[in-house]
$ cat input19.cif   # mmCIF, C-alpha atoms
data_input
#
loop_
_atom_site.label_atom_id
_atom_site.label_comp_id
_atom_site.auth_asym_id
_atom_site.auth_seq_id
_atom_site.Cartn_x
_atom_site.Cartn_y
_atom_site.Cartn_z
CA MET A 1086 2.16 -11.70 43.21
CA ALA A 1087 5.95 -11.60 42.96
CA ASN A 1088 8.13 -12.01 46.04
CA THR A 1089 9.62 -8.87 47.57
CA PHE A 1090 11.73 -8.25 50.63
CA GLN A 1091 8.47 -7.69 52.57
CA THR A 1092 7.07 -11.08 51.58
CA ASN A 1093 5.99 -13.17 54.62
CA ILE A 1094 6.01 -10.16 56.94
CA LYS A 1095 3.96 -6.98 57.33
CA GLU A 1096 3.10 -5.30 54.03
CA HIS A 1097 1.32 -2.03 53.32
CA SER A 1098 -2.26 -2.70 52.27
CA GLY A 1099 -3.77 0.78 51.97
CA ASP A 1100 -4.29 2.93 48.87
CA MET A 1101 -2.46 6.20 49.50
CA SER A 1102 -3.10 7.42 45.95
CA LYS A 1103 -6.65 8.41 46.96
CA TYR A 1104 -5.41 10.98 49.48
CA SER A 1105 -3.33 14.14 49.15
CA LEU A 1106 -1.12 13.14 52.10
CA PHE A 1107 0.66 16.37 53.20
CA LEU A 1108 0.01 18.52 50.16
CA GLY A 1109 -2.23 21.40 51.12
CA GLY A 1110 -2.18 20.52 54.82
CA LEU A 1111 -2.05 17.58 57.16
CA ASN A 1112 -5.07 15.31 56.93
CA VAL A 1113 -5.26 13.02 59.95
CA THR A 1114 -8.90 12.03 59.79
CA ARG A 1115 -9.59 8.36 60.39
CA ASP A 1116 -10.18 7.53 56.72
CA SER A 1117 -6.87 9.10 55.83
CA LEU A 1118 -4.89 7.48 58.65
CA ILE A 1119 -6.15 4.04 57.58
CA GLN A 1120 -4.14 4.49 54.38
CA TYR A 1121 -0.85 5.56 55.94
CA ASP A 1122 0.10 4.54 59.45
CA PRO A 1123 3.54 6.05 60.20
CA LEU A 1124 6.33 3.55 60.79
CA ARG A 1125 7.75 3.77 64.30
CA SER A 1126 11.19 2.38 65.08
CA GLY A 1127 12.81 1.09 68.24
CA TYR A 1128 11.31 -2.42 68.57
CA GLY A 1129 14.22 -4.72 67.75
CA ARG A 1130 14.98 -8.24 68.93
CA ILE A 1131 17.82 -10.61 68.19
CA PHE A 1132 18.09 -14.39 68.38
CA MET A 1133 21.26 -16.49 68.37
CA ILE A 1134 20.12 -19.37 66.18
CA ARG A 1135 23.49 -21.18 66.03
CA GLN A 1136 26.18 -21.23 68.69
CA PRO A 1137 29.97 -21.61 68.26
CA ILE A 1138 30.38 -25.36 68.78
CA PHE A 1139 33.79 -25.38 70.42
CA VAL A 1140 32.78 -22.69 72.93
CA THR A 1141 29.64 -24.57 73.98
CA ASN A 1142 31.63 -27.81 74.24
CA GLY A 1143 34.36 -26.22 76.33
CA LEU A 1144 32.42 -23.95 78.68
CA GLY A 1145 29.33 -26.13 78.90
CA GLU A 1146 25.75 -25.51 77.87
CA ASP A 1147 24.83 -23.60 81.04
CA LYS A 1148 27.38 -20.81 80.54
CA MET A 1149 26.61 -20.53 76.85
CA ARG A 1150 22.88 -20.49 77.60
CA ASN A 1151 23.40 -17.56 80.02
CA PHE A 1152 25.51 -15.69 77.46
CA LYS A 1153 22.92 -16.28 74.74
CA HIS A 1154 20.14 -15.15 77.08
CA ILE A 1155 21.98 -11.91 77.91
CA LEU A 1156 22.42 -11.13 74.22
CA GLU A 1157 18.79 -11.84 73.40
CA TYR A 1158 16.99 -10.39 76.42
CA GLY A 1159 19.49 -8.04 78.06
CA ASN A 1160 20.73 -5.96 75.13
CA THR A 1161 20.40 -2.18 75.23
CA SER A 1162 21.34 -1.45 71.62
CA ILE A 1163 22.02 -3.36 68.40
CA THR A 1164 23.98 -1.83 65.54
CA GLY A 1165 24.44 -3.39 62.12
CA PRO A 1166 21.00 -4.47 60.94
CA GLY A 1167 20.40 -1.00 59.49
CA GLY A 1168 23.49 -0.95 57.30
CA SER A 1169 22.89 0.41 53.80
CA LEU A 1170 22.88 -1.26 50.41
CA GLN A 1171 24.89 0.67 47.85
CA LEU A 1172 24.64 0.56 44.05
CA ASP A 1173 28.06 1.32 42.57
CA ASN A 1174 28.56 2.91 39.19
CA SER A 1175 31.12 3.32 36.47
CA PRO A 1176 31.50 6.34 34.15
CA MET A 1177 30.94 6.25 30.39
CA THR A 1178 32.53 9.07 28.44
CA GLY A 1179 31.88 10.03 24.84
CA GLY A 1180 31.51 12.80 22.29
CA TYR A 1181 33.88 15.62 21.31
CA VAL A 1182 33.27 17.36 24.61
CA GLY A 1183 33.88 14.21 26.63
CA ARG A 1184 30.54 14.31 28.36
CA GLN A 1185 30.27 11.70 31.10
CA VAL A 1186 27.35 9.68 32.41
CA GLU A 1187 27.25 7.18 35.24
CA ILE A 1188 26.23 3.58 34.54
CA PRO A 1189 25.05 1.36 37.42
CA THR A 1190 27.28 -1.67 37.95
CA VAL A 1191 26.95 -3.78 41.12
CA THR A 1192 24.98 -3.56 44.35
CA LYS A 1193 27.01 -4.06 47.52
CA ASP A 1194 25.92 -4.80 51.06
CA ASN A 1195 28.37 -2.77 53.12
CA THR A 1196 27.32 -4.39 56.40
CA ASN A 1197 30.22 -6.41 57.75
CA ASP A 1198 29.80 -6.16 61.50
CA LEU A 1199 27.18 -6.56 64.20
CA THR A 1200 27.49 -4.81 67.57
CA ILE A 1201 25.37 -5.73 70.58
CA GLN A 1202 25.56 -3.62 73.73
CA VAL A 1203 24.76 -5.33 77.03
CA TYR A 1204 25.36 -4.88 80.73
CA GLU A 1205 28.06 -7.01 82.30
CA PHE A 1206 27.16 -8.84 85.49
CA ALA A 1207 29.06 -9.87 88.60
CA GLY A 1208 31.22 -12.86 87.80
CA SER A 1209 31.77 -11.53 84.25
CA PRO A 1210 29.64 -14.07 82.34
CA VAL A 1211 29.95 -12.03 79.13
CA ARG A 1212 33.72 -11.57 79.26
CA GLU A 1213 34.25 -15.21 80.22
CA VAL A 1214 32.60 -16.44 77.04
CA LEU A 1215 34.16 -13.82 74.76
CA GLN A 1216 37.68 -14.34 76.09
CA TYR A 1217 37.36 -18.13 75.79
CA TRP A 1218 35.97 -17.71 72.27
CA ILE A 1219 38.67 -15.40 70.95
CA THR A 1220 41.65 -17.15 72.54
CA GLY A 1221 40.36 -20.54 71.40
CA ILE A 1222 40.31 -19.37 67.79
CA SER A 1223 43.83 -17.95 68.07
CA ASP A 1224 45.93 -18.41 71.19
CA PRO A 1225 47.57 -15.09 72.24
CA LEU A 1226 50.85 -16.86 73.11
CA SER A 1227 51.32 -19.43 70.36
CA GLY A 1228 49.06 -18.02 67.65
CA TYR A 1229 47.62 -21.49 67.04
CA SER A 1230 43.94 -22.39 66.92
CA THR A 1231 43.66 -24.61 69.99
CA TYR A 1232 39.94 -24.69 70.87
CA HIS A 1233 41.39 -25.09 74.40
CA ARG A 1234 41.56 -28.85 73.80
CA SER A 1235 43.97 -29.34 76.72
CA SER A 1236 41.11 -28.69 79.15
CA ALA A 1237 38.04 -29.28 76.96
CA LEU A 1238 37.83 -33.00 76.21
CA ASP A 1239 34.76 -32.52 73.99
CA ASN A 1240 36.92 -30.48 71.61
CA VAL A 1241 39.72 -33.05 71.25
CA GLY A 1242 38.28 -34.56 68.06
CA LEU A 1243 36.87 -31.28 66.73
CA ASN A 1244 38.62 -29.94 63.62
CA SER A 1245 39.57 -26.29 63.47
CA SER A 1246 37.01 -24.85 61.08
CA LEU A 1247 34.97 -21.69 60.72
CA ALA A 1248 31.88 -23.86 61.03
CA ASN A 1249 32.91 -24.80 64.58
CA GLU A 1250 33.85 -21.34 65.81
CA THR A 1251 31.19 -19.00 64.44
CA ALA A 1252 27.66 -18.09 65.47
CA GLU A 1253 24.56 -17.05 63.53
CA PHE A 1254 21.85 -14.55 64.46
CA ILE A 1255 18.46 -13.45 63.18
CA TYR A 1256 17.51 -9.84 63.90
CA VAL A 1257 13.85 -8.86 63.89
CA ALA A 1258 12.34 -5.36 63.92
CA THR A 1259 8.63 -5.29 64.69
CA ASP A 1260 6.01 -2.58 64.65
CA ASN A 1261 4.83 -1.07 67.92
CA THR A 1262 2.76 -4.17 68.73
CA GLY A 1263 5.90 -6.26 69.16
CA TYR A 1264 4.17 -8.90 67.06
CA ASN A 1265 4.12 -7.83 63.40
CA VAL A 1266 7.50 -8.03 61.68
CA GLU A 1267 8.59 -4.98 59.68
CA TYR A 1268 12.12 -6.09 58.84
CA ALA A 1269 14.34 -9.11 59.40
CA CYS A 1270 17.84 -10.18 58.48
CA MET A 1271 20.28 -12.96 59.25
CA PHE A 1272 23.91 -12.56 60.29
CA ALA A 1273 26.25 -15.46 59.50
CA ASN A 1274 29.97 -16.14 60.05
CA CYS A 1275 29.84 -14.19 63.33
CA TRP A 1276 32.88 -14.13 65.58
CA PRO A 1277 33.87 -11.52 68.19
CA THR A 1278 36.61 -9.12 67.17
CA GLU A 1279 37.78 -8.03 70.61
CA VAL A 1280 37.43 -8.37 74.37
CA ASN A 1281 37.34 -4.93 75.93
CA LEU A 1282 38.81 -4.81 79.45
CA ASP A 1283 38.72 -1.04 79.95
CA HIS A 1284 36.24 -1.30 82.80
CA PHE A 1285 38.90 -2.94 84.96
CA ASN A 1286 40.99 0.23 84.97
CA TYR A 1287 40.91 2.16 88.24
CA THR A 1288 40.10 5.80 89.00
CA ALA A 1289 39.56 6.97 92.59
CA GLY A 1290 35.92 7.68 93.35
CA GLN A 1291 34.63 6.20 90.09
CA HIS A 1292 32.33 3.19 90.39
CA ASP A 1293 30.36 2.69 87.19
CA VAL A 1294 27.81 0.12 86.15
CA VAL A 1295 29.54 -1.72 83.34
CA GLN A 1296 28.22 -1.85 79.79
CA VAL A 1297 30.13 -3.67 77.06
CA ASN A 1298 29.92 -3.45 73.29
CA ILE A 1299 30.26 -6.90 71.73
CA GLN A 1300 31.40 -6.46 68.15
CA PHE A 1301 31.10 -9.39 65.77
CA ASN A 1302 32.44 -9.75 62.28
CA ALA A 1303 29.33 -10.68 60.29
CA THR A 1304 27.78 -11.20 56.85
CA ARG A 1305 24.17 -10.10 56.39
CA TYR A 1306 21.44 -11.83 54.40
CA ILE A 1307 17.87 -10.66 53.68
CA SER A 1308 15.21 -12.83 52.03
CA PRO A 1309 11.53 -13.87 52.23
CA GLN A 1310 12.54 -17.19 53.83
CA ILE A 1311 14.43 -15.35 56.58
CA ASN A 1312 11.34 -13.15 57.02
CA ASP A 1313 9.25 -16.26 57.55
CA GLN A 1314 11.61 -17.67 60.17
CA ALA A 1315 11.77 -14.29 61.93
CA LYS A 1316 7.99 -14.22 62.15
CA LYS A 1317 7.99 -17.70 63.70
CA LEU A 1318 10.67 -16.71 66.21
CA ILE A 1319 8.62 -13.71 67.34
CA ARG A 1320 5.54 -15.89 67.79
CA LYS A 1321 7.43 -18.65 69.60
CA TYR A 1322 9.45 -16.42 71.94
CA ASN A 1323 6.71 -13.97 72.76
CA VAL A 1324 6.98 -11.73 75.81
CA LEU A 1325 4.58 -10.30 78.36
CA MET A 1326 2.88 -7.41 76.57
CA ASP A 1327 -0.12 -6.51 78.74
CA SER A 1328 0.48 -5.28 82.29
CA LEU A 1329 -3.00 -6.52 83.20
CA ASN A 1330 -1.53 -10.02 83.02
CA PHE A 1331 1.44 -9.36 85.31
CA HIS A 1332 1.83 -11.96 88.07
CA SER A 1333 3.70 -11.03 91.26
CA GLY A 1334 4.78 -14.58 92.07
CA TYR A 1335 3.40 -14.16 95.59
CA SER A 1336 0.76 -16.52 96.97
CA ILE A 1337 -1.06 -15.69 100.22
CA ASP A 1338 -1.94 -19.37 100.56
CA ASN A 1339 1.73 -20.16 101.12
CA ASP A 1340 2.48 -16.75 102.65
CA GLU A 1341 5.72 -16.67 100.68
CA VAL A 1342 6.99 -16.14 97.19
CA GLU A 1343 6.69 -19.39 95.29
CA LYS A 1344 10.20 -20.81 95.01
CA GLY A 1345 11.72 -20.76 91.54
CA LYS A 1346 8.79 -18.87 90.06
CA PRO A 1347 8.95 -15.11 90.71
CA GLY A 1348 11.13 -14.17 87.76
CA THR A 1349 9.53 -15.50 84.61
CA PHE A 1350 5.91 -16.09 83.67
CA TYR A 1351 4.38 -17.67 80.63
CA GLU A 1352 1.21 -17.13 78.68
CA GLY A 1353 -1.53 -19.69 79.31
CA ARG A 1354 -1.93 -22.13 76.44
CA ASP A 1355 -5.32 -23.74 76.98
CA ASN A 1356 -8.52 -22.19 75.66
CA ASP A 1357 -9.68 -21.01 79.09
CA ASN A 1358 -6.45 -19.18 79.87
CA ARG A 1359 -5.27 -17.65 76.62
CA GLY A 1360 -3.59 -14.34 77.30
CA GLN A 1361 -3.24 -15.03 81.01
CA ILE A 1362 0.07 -15.68 82.72
CA ALA A 1363 0.89 -19.15 84.00
CA ASN A 1364 3.76 -20.07 86.31
CA LYS A 1365 6.54 -22.15 84.80
CA ASP A 1366 8.22 -24.90 86.80
CA LYS A 1367 11.86 -24.07 87.56
CA ASP A 1368 12.95 -27.43 86.11
CA ASP A 1369 11.38 -26.70 82.71
CA THR A 1370 14.11 -24.90 80.79
CA ASP A 1371 13.44 -25.87 77.17
CA VAL A 1372 11.82 -22.64 76.05
CA PHE A 1373 11.84 -19.16 77.55
CA VAL A 1374 8.37 -17.99 76.56
CA GLU A 1375 5.39 -19.98 75.34
CA THR A 1376 2.80 -18.69 72.88
CA TYR A 1377 -0.36 -19.97 71.30
CA ASP A 1378 0.92 -21.18 67.91
CA GLU A 1379 -0.48 -24.67 67.37
CA THR A 1380 2.54 -25.82 65.37
CA VAL A 1381 4.71 -24.96 68.36
CA PHE A 1382 2.24 -26.67 70.66
CA LYS A 1383 2.75 -29.94 68.81
CA THR A 1384 6.55 -29.78 68.83
CA PRO A 1385 7.83 -32.79 70.87
CA ASN A 1386 10.43 -31.01 73.00
CA ILE A 1387 7.90 -28.39 74.09
CA GLY A 1388 5.23 -30.89 75.04
CA PRO A 1389 6.54 -31.63 78.56
CA VAL A 1390 6.75 -27.90 79.30
CA LEU A 1391 3.18 -27.28 78.18
CA ASN A 1392 1.85 -30.33 80.00
CA SER A 1393 3.46 -29.10 83.20
CA ILE A 1394 1.98 -25.61 82.76
CA LEU A 1395 -1.49 -26.89 81.95
CA ALA A 1396 -1.41 -29.38 84.82
CA LYS A 1397 -0.60 -26.61 87.27
CA THR A 1398 -3.38 -24.48 85.77
CA GLU A 1399 -5.93 -27.25 86.25
CA GLN A 1400 -4.74 -27.85 89.80
CA SER A 1401 -5.14 -24.19 90.66
CA LYS A 1402 -8.68 -24.24 89.26
CA ASP A 1403 -9.57 -27.23 91.42
CA GLY A 1404 -7.90 -25.70 94.47
CA THR A 1405 -5.51 -28.65 94.75
CA SER A 1406 -2.27 -26.71 94.53
#
$ encode --input "input19.cif" --output "structure tokens"
Amino acid sequence: MANTFQTNIKEHSGDMSKYSLFLGGLNVTRDSLIQYDPLRSGYGRIFMIRQPIFVTNGLGEDKMRNFKHILEYGNTSITGPGGSLQLDNSPMTGGYVGRQVEIPTVTKDNTNDLTIQVYEFAGSPVREVLQYWITGISDPLSGYSTYHRSSALDNVGLNSSLANETAEFIYVATDNTGYNVEYACMFANCWPTEVNLDHFNYTAGQHDVVQVNIQFNATRYISPQINDQAKKLIRKYNVLMDSLNFHSGYSIDNDEVEKGKPGTFYEGRDNDNRGQIANKDKDDTDVFVETYDETVFKTPNIGPVLNSILAKTEQSKDGTS
């Protein structure tokens, strides 16, 4: 079968030609619904797969990791992935009456920006990164690309290049399971276009929770290989989906909330605990969420995290923790 833009992700497998769909009335019997399950939107996720090198060097990995985490897990809207493809045309005119027909010419992807809306937090971690990023690319006083080398020693030997100052993202839209990928695309050559400081204006009696729109210049790509990577990202960075598995972080044995553990919980990886939530040690920061994929399980940098989780699981079974 030939590749399509749904290759490697969810594809329709029913045979709708055997049913009248909506003609003559709405048929929603089980046999009919098997053939056409309506697509539901609103399940989008985004992953920053490459960071701007000079920003990470200058601010440090911790601040960039927080910024990346806010974009990936704290966004409230993402605009850009749904931009249209347009087939342009050119007229051909002929005959005594000058009749005109349109001839298709080139297809254009009109998507050239990506906007992610997030909440800002006390200490302005979002603005700090964006302002450092923009002013490092072009200093507002001199106009030069400085990468803030005067204070960032790691950037002293770094050449000014788009490769060192841009980020890349993969956006994934799933079905309502949060697991099956319906659509994916990659955004490359991403750099922020502005730092909005409007929320620092003052009006008496007005005290708003701050949301910011982060607009990136971007170039979009769609392909089966990107689909495949999007599917792997969803499986690797899975999230808690079943409230039956929610863990409060409280232990009556210690009569206190376990330190470092109340905020994030991870799916159990061993055969006896699949689907259950396991605590993650506060020192294990390699991966945000663990899943069951065996290829991920065998990845070297994830091994220590999994070993720690499984060890704690075994201890809790034996009553030794």
$ atom_distance --input "input19.cif" --atom1 "atom CA of A:Val1211" --atom2 "atom CA of A:Lys1148"
9.3 Å
$ closest_residue --input "input19.cif" --among "A:Gly1145, A:Gly1179, A:Pro1137, A:Gly1109" --to "A:Ala1237" --atoms "only C-alpha atoms"
A:Gly1145
$ resolve_selection --input "input19.cif" --expression "the PyMOL selection byres ((chain A and resi 1248) around 10)" --output "ChimeraX atom specification"
/A:1136-1139,1244-1247,1249-1252,1274
$ resolve_selection --input "input19.cif" --expression "the PyMOL selection byres ((chain A and resi 1203) around 9)" --output "NGL selection string"
:A and (1155-1156 or 1159-1162 or 1201-1202 or 1204-1205 or 1211 or 1295-1299)
$ atom_distance --input "input19.cif" --atom1 "atom CA of A:Ser1169" --atom2 "atom CA of A:Arg1305"
10.9 Å
$ atom_distance --input "input19.cif" --atom1 "atom CA of A:Gly1263" --atom2 "atom CA of A:Lys1153"
20.5 Å
$ residues_around --input "input19.cif" --residues "A:Ile1131" --least-positions-apart "4" --cutoff "12 Å" --atoms "all atoms listed in the file" --output "PyMOL selection string"
chain A and resi 1153-1166+1199-1202+1253-1259+1268-1272+1315+1318-1319+1322
